[in-house]
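Text of target24.txt, listed as compact mmCIF, C-alpha atoms:
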```txt
# COMPACT_ATOMS: atom_id res chain seq x y z
CA MET A 1 61.88 57.46 -43.90
CA ASN A 2 60.04 59.75 -41.50
CA LEU A 3 57.58 62.39 -42.57
CA THR A 4 56.28 65.30 -40.52
CA ALA A 5 52.52 65.72 -40.71
CA THR A 6 50.02 68.13 -39.19
CA ARG A 7 46.96 66.94 -37.29
CA THR A 8 44.09 69.41 -36.97
CA TYR A 9 41.32 68.93 -34.41
CA LEU A 10 37.93 70.44 -35.14
CA GLU A 11 34.66 70.64 -33.26
CA MET A 12 31.06 71.69 -33.58
CA ARG A 13 29.43 72.82 -30.34
CA HIS A 14 25.90 73.55 -31.54
CA GLU A 15 23.64 71.64 -33.88
CA SER A 16 22.70 74.93 -35.55
CA ASP A 17 26.34 75.35 -36.68
CA LEU A 18 25.94 72.55 -39.24
CA ARG A 19 25.84 73.77 -42.83
CA PRO A 20 24.56 70.58 -44.48
CA ALA A 21 25.00 69.38 -48.01
CA PRO A 22 22.21 67.17 -49.36
CA LEU A 23 22.70 63.58 -50.43
CA PRO A 24 22.40 62.99 -54.17
CA SER A 25 19.23 61.11 -55.14
CA ASP A 26 21.18 57.91 -55.89
CA ALA A 27 22.95 57.91 -52.50
CA HIS A 28 21.85 56.51 -49.16
CA VAL A 29 23.42 56.36 -45.69
CA ALA A 30 22.40 53.63 -43.24
CA ARG A 31 23.62 52.40 -39.89
CA ILE A 32 25.11 48.92 -39.87
CA ASP A 33 24.17 47.34 -36.56
CA ASP A 34 26.20 44.13 -36.72
CA PRO A 35 28.98 44.55 -39.28
CA ALA A 36 31.11 41.57 -40.16
CA PRO A 37 34.78 42.05 -39.26
CA ALA A 38 35.74 41.39 -42.90
CA PHE A 39 33.48 44.20 -44.12
CA TRP A 40 34.84 46.62 -41.51
CA ARG A 41 38.42 45.62 -42.46
CA PHE A 42 37.62 46.21 -46.15
CA LEU A 43 36.24 49.70 -45.44
CA TYR A 44 39.14 50.68 -43.21
CA ALA A 45 41.83 49.34 -45.57
CA GLU A 46 40.40 50.62 -48.84
CA VAL A 47 39.25 54.04 -47.66
CA GLY A 48 42.47 54.62 -45.75
CA ARG A 49 44.99 53.13 -48.17
CA ALA A 50 46.00 56.43 -49.80
CA TYR A 51 46.13 58.25 -46.45
CA ARG A 52 48.41 55.93 -44.46
CA TRP A 53 45.76 54.46 -42.19
CA THR A 54 47.73 51.58 -40.73
CA ASP A 55 47.12 51.43 -36.98
CA ARG A 56 44.24 48.93 -37.27
CA LEU A 57 45.43 46.79 -40.17
CA GLY A 58 46.80 44.11 -37.85
CA TRP A 59 43.61 43.66 -35.84
CA THR A 60 42.22 40.12 -35.72
CA ASP A 61 38.59 39.32 -36.41
CA GLU A 62 38.11 38.88 -32.67
CA GLU A 63 39.58 42.32 -31.92
CA ILE A 64 37.40 43.92 -34.59
CA ALA A 65 34.27 42.15 -33.34
CA ALA A 66 34.96 43.23 -29.75
CA TYR A 67 35.56 46.81 -30.85
CA LEU A 68 32.37 46.93 -32.92
CA ALA A 69 30.35 45.38 -30.08
CA ASP A 70 31.12 48.40 -27.90
CA PRO A 71 27.85 50.38 -27.57
CA ALA A 72 29.87 53.59 -27.91
CA ILE A 73 30.65 52.74 -31.56
CA GLN A 74 28.35 53.26 -34.53
CA LEU A 75 29.20 52.34 -38.11
CA TRP A 76 27.39 54.01 -41.02
CA GLU A 77 27.69 53.01 -44.69
CA LEU A 78 27.26 55.27 -47.70
CA THR A 79 25.94 53.54 -50.80
CA VAL A 80 25.50 54.91 -54.30
CA ASP A 81 23.15 52.91 -56.50
CA ARG A 82 23.24 50.24 -53.75
CA THR A 83 27.03 49.89 -53.99
CA THR A 84 29.29 50.69 -51.03
CA ALA A 85 30.90 54.10 -51.55
CA GLY A 86 32.19 55.06 -48.10
CA TYR A 87 31.68 54.95 -44.38
CA VAL A 88 31.80 56.83 -41.13
CA GLU A 89 32.52 55.56 -37.64
CA LEU A 90 31.06 57.50 -34.71
CA ARG A 91 32.43 57.06 -31.18
CA ARG A 92 30.67 58.35 -28.07
CA HIS A 93 33.02 59.49 -25.29
CA PRO A 94 32.27 59.55 -21.54
CA ASP A 95 31.70 63.32 -21.66
CA GLN A 96 28.88 62.67 -24.22
CA ALA A 97 30.92 64.17 -27.05
CA ILE A 98 30.67 62.17 -30.24
CA GLU A 99 33.79 61.82 -32.33
CA ILE A 100 33.76 61.20 -36.04
CA ALA A 101 36.55 58.68 -35.56
CA TYR A 102 36.90 57.48 -39.15
CA PHE A 103 35.36 58.95 -42.25
CA GLY A 104 35.97 58.56 -45.95
CA LEU A 105 35.12 57.35 -49.40
CA LEU A 106 36.33 54.48 -51.51
CA PRO A 107 38.77 55.81 -54.13
CA GLU A 108 36.37 55.52 -57.08
CA TYR A 109 33.87 57.83 -55.30
CA VAL A 110 36.31 60.60 -54.36
CA GLY A 111 35.82 63.90 -56.19
CA ARG A 112 32.08 63.50 -56.73
CA GLY A 113 30.91 65.73 -53.86
CA LEU A 114 29.83 62.78 -51.72
CA GLY A 115 32.14 63.61 -48.81
CA LYS A 116 30.23 66.74 -47.90
CA SER A 117 26.94 64.83 -47.97
CA LEU A 118 28.26 61.92 -45.90
CA LEU A 119 29.76 64.33 -43.38
CA SER A 120 26.44 66.17 -43.11
CA VAL A 121 24.61 62.93 -42.34
CA ALA A 122 27.26 61.87 -39.82
CA VAL A 123 27.02 65.16 -37.94
CA SER A 124 23.22 65.08 -38.00
CA GLU A 125 23.23 61.52 -36.62
CA ALA A 126 25.66 62.51 -33.88
CA TRP A 127 23.37 65.34 -32.80
CA ARG A 128 20.34 63.03 -33.05
CA ALA A 129 22.15 60.62 -30.71
CA GLY A 130 22.41 63.37 -28.09
CA ALA A 131 25.96 64.59 -28.59
CA ALA A 132 27.18 67.31 -26.23
CA ARG A 133 29.53 68.31 -29.07
CA VAL A 134 30.78 66.70 -32.28
CA TRP A 135 34.47 66.57 -33.03
CA LEU A 136 37.04 64.99 -35.32
CA HIS A 137 40.60 65.30 -36.42
CA THR A 138 42.19 65.31 -39.83
CA SER A 139 45.74 65.12 -41.04
CA SER A 140 47.79 66.80 -43.71
CA LEU A 141 48.08 63.24 -45.11
CA ASP A 142 44.31 63.09 -45.70
CA HIS A 143 42.65 64.14 -48.95
CA ARG A 144 43.28 67.81 -49.74
CA ALA A 145 39.51 68.48 -49.60
CA ALA A 146 39.09 67.06 -46.07
CA LEU A 147 39.89 70.16 -44.01
CA PRO A 148 38.02 72.56 -46.34
CA ASN A 149 35.00 70.23 -46.18
CA TYR A 150 35.01 70.19 -42.37
CA LEU A 151 35.26 73.97 -42.22
CA ALA A 152 32.54 74.42 -44.86
CA ARG A 153 30.15 72.21 -42.86
CA GLY A 154 30.60 74.43 -39.77
CA PHE A 155 33.42 72.83 -37.78
CA ARG A 156 35.93 75.08 -36.02
CA ILE A 157 39.59 74.33 -35.32
CA PHE A 158 40.47 73.94 -31.64
CA LYS A 159 43.94 72.37 -31.74
CA VAL A 160 46.79 71.81 -34.21
CA GLU A 161 49.84 69.59 -33.67
CA THR A 162 52.64 68.08 -35.69
CA TYR A 163 53.71 64.45 -35.54
CA GLU A 164 56.11 62.06 -37.20
CA VAL A 165 54.98 59.32 -39.60
CA THR A 166 57.23 56.40 -40.49
```

Written as structure tokens, how would this file's structure read?
Amino acid sequence: MNLTATRTYLEMRHESDLRPAPLPSDAHVARIDDPAPAFWRFLYAEVGRAYRWTDRLGWTDEEIAAYLADPAIQLWELTVDRTTAGYVELRRHPDQAIEIAYFGLLPEYVGRGLGKSLLSVAVSEAWRAGAARVWLHTSSLDHRAALPNYLARGFRIFKVETYEVT
């Protein structure tokens, strides 16, 4: 069965456009410099399960390790009370734009306001890394709060397209 979905591309062109949301006192975001492929696979599979993230599920450990070894990729982990709650993957492009390539929370942490905080940290880290602009895309298959969160943090829509999902 095919499903038609909408993909919305958003960008932030100036650091001053960010409208941040603070991290709760029990939450922490840290960069993971040498993530194990199994940990990355866990994050990708569990965060993306409800949203049809499937394109990377078949990657081998070697493919994951090679991908994560790329200096253009950064992986950040959100923890709450020292327990993994979500992650964000930043990808630098040749034009010095930084894409928030993957972003999300584990299911048990959804609905607690953590997404706006994690997004705020991700955008701040992208600017800190010298981004020329920060961008991302979301889908109508993502959590219903995703697009409103991106807009509330200061992102602006620059492209919308439809696509088919099997």

Under the rule of at most 12 Å, produce a per-residue listing of region 48-110 of chain A near region 138-143 of chain A: chain, number, name, the closest pair of atoms, and the distance in Å, as a tab-separated table, using only C-alpha atoms.
```
residue	atom	partner	partner_atom	distance
A:Gly48	CA	A:Asp142	CA	8.7
A:Arg49	CA	A:Asp142	CA	10.3
A:Ala50	CA	A:Asp142	CA	8.0
A:Tyr51	CA	A:Asp142	CA	5.2
A:Arg52	CA	A:Leu141	CA	7.3
A:Trp53	CA	A:Asp142	CA	9.4
A:Glu99	CA	A:Thr138	CA	11.8
A:Ile100	CA	A:Thr138	CA	10.1
A:Ala101	CA	A:Thr138	CA	9.7
A:Tyr102	CA	A:Thr138	CA	9.5
A:Phe103	CA	A:Thr138	CA	9.6
A:Gly104	CA	A:His143	CA	9.2
A:Leu105	CA	A:His143	CA	10.1
A:Leu106	CA	A:His143	CA	11.8
A:Pro107	CA	A:His143	CA	10.5
A:Val110	CA	A:His143	CA	9.1
```

May I have the residues within 7 Å of region 8-19 of chain A as a list in words, using only C-alpha atoms and disregarding those fewer than 6 positions away in the same chain? Trp127, Arg133, Val134, Trp135, Leu136, His137, Thr138, Ser139, Arg153, Gly154, Phe155, Arg156, Ile157, Phe158, Lys159, Val160 and Glu161 of chain A

Nearest residue to Ala66 (chain A) out of A:Val88, A:Ala36, A:Leu43, A:Ser25, using all atoms listed in the file?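 The shortest atom-to-atom distance to Ala66 (chain A) comes from A:Ala36.
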
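Separating CA of Thr4 (chain A) from CA of Glu164 (chain A) is a distance of 4.6 Å.
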
Tell me, in Å to one decimal, how far CA of Leu151 (chain A) is from CA of Gly86 (chain A).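 Interatomic distance, CA of Leu151 (chain A) to CA of Gly86 (chain A): 20.0 Å.
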
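For region 74-82 of chain A, the list of residues within 7 Å, based on all atoms listed in the file and with local chain neighbours fewer than 3 positions off taken out, reads A:Asp26, A:Ala27, A:His28, A:Val29, A:Ala30, A:Arg31, A:Ile32, A:Ala85, A:Gly86, A:Tyr87, A:Val88, A:Glu89, A:Leu90, A:Arg91, A:Leu118.
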
Which neighbours of Ser120 (chain A) fall inside 10 Å, counting only C-alpha atoms, when residues of the same chain fewer than 5 positions from it are skipped, and could you give them as an MDAnalysis selection string? chainID A and resid 18:23 114:115 125:126 149:150 153:154

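CA of Trp59 (chain A) is positioned 24.3 Å from CA of Leu3 (chain A).
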
Nearest candidate to Phe42 (chain A) (options A:Ala146, A:Ile64, A:Val121, A:Ile73; using only C-alpha atoms):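 The closest residue to Phe42 (chain A) is A:Ile64.
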
From the list A:Leu68, A:Ala45, A:Met1, A:Ala131, which residue is nearest His93 (chain A) when using only C-alpha atoms? A:Ala131

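Nearest to Phe39 (chain A) of all the residues A:Asn2, A:Asp61, A:Thr54, A:Ala145 is A:Asp61, counting all atoms listed in the file.
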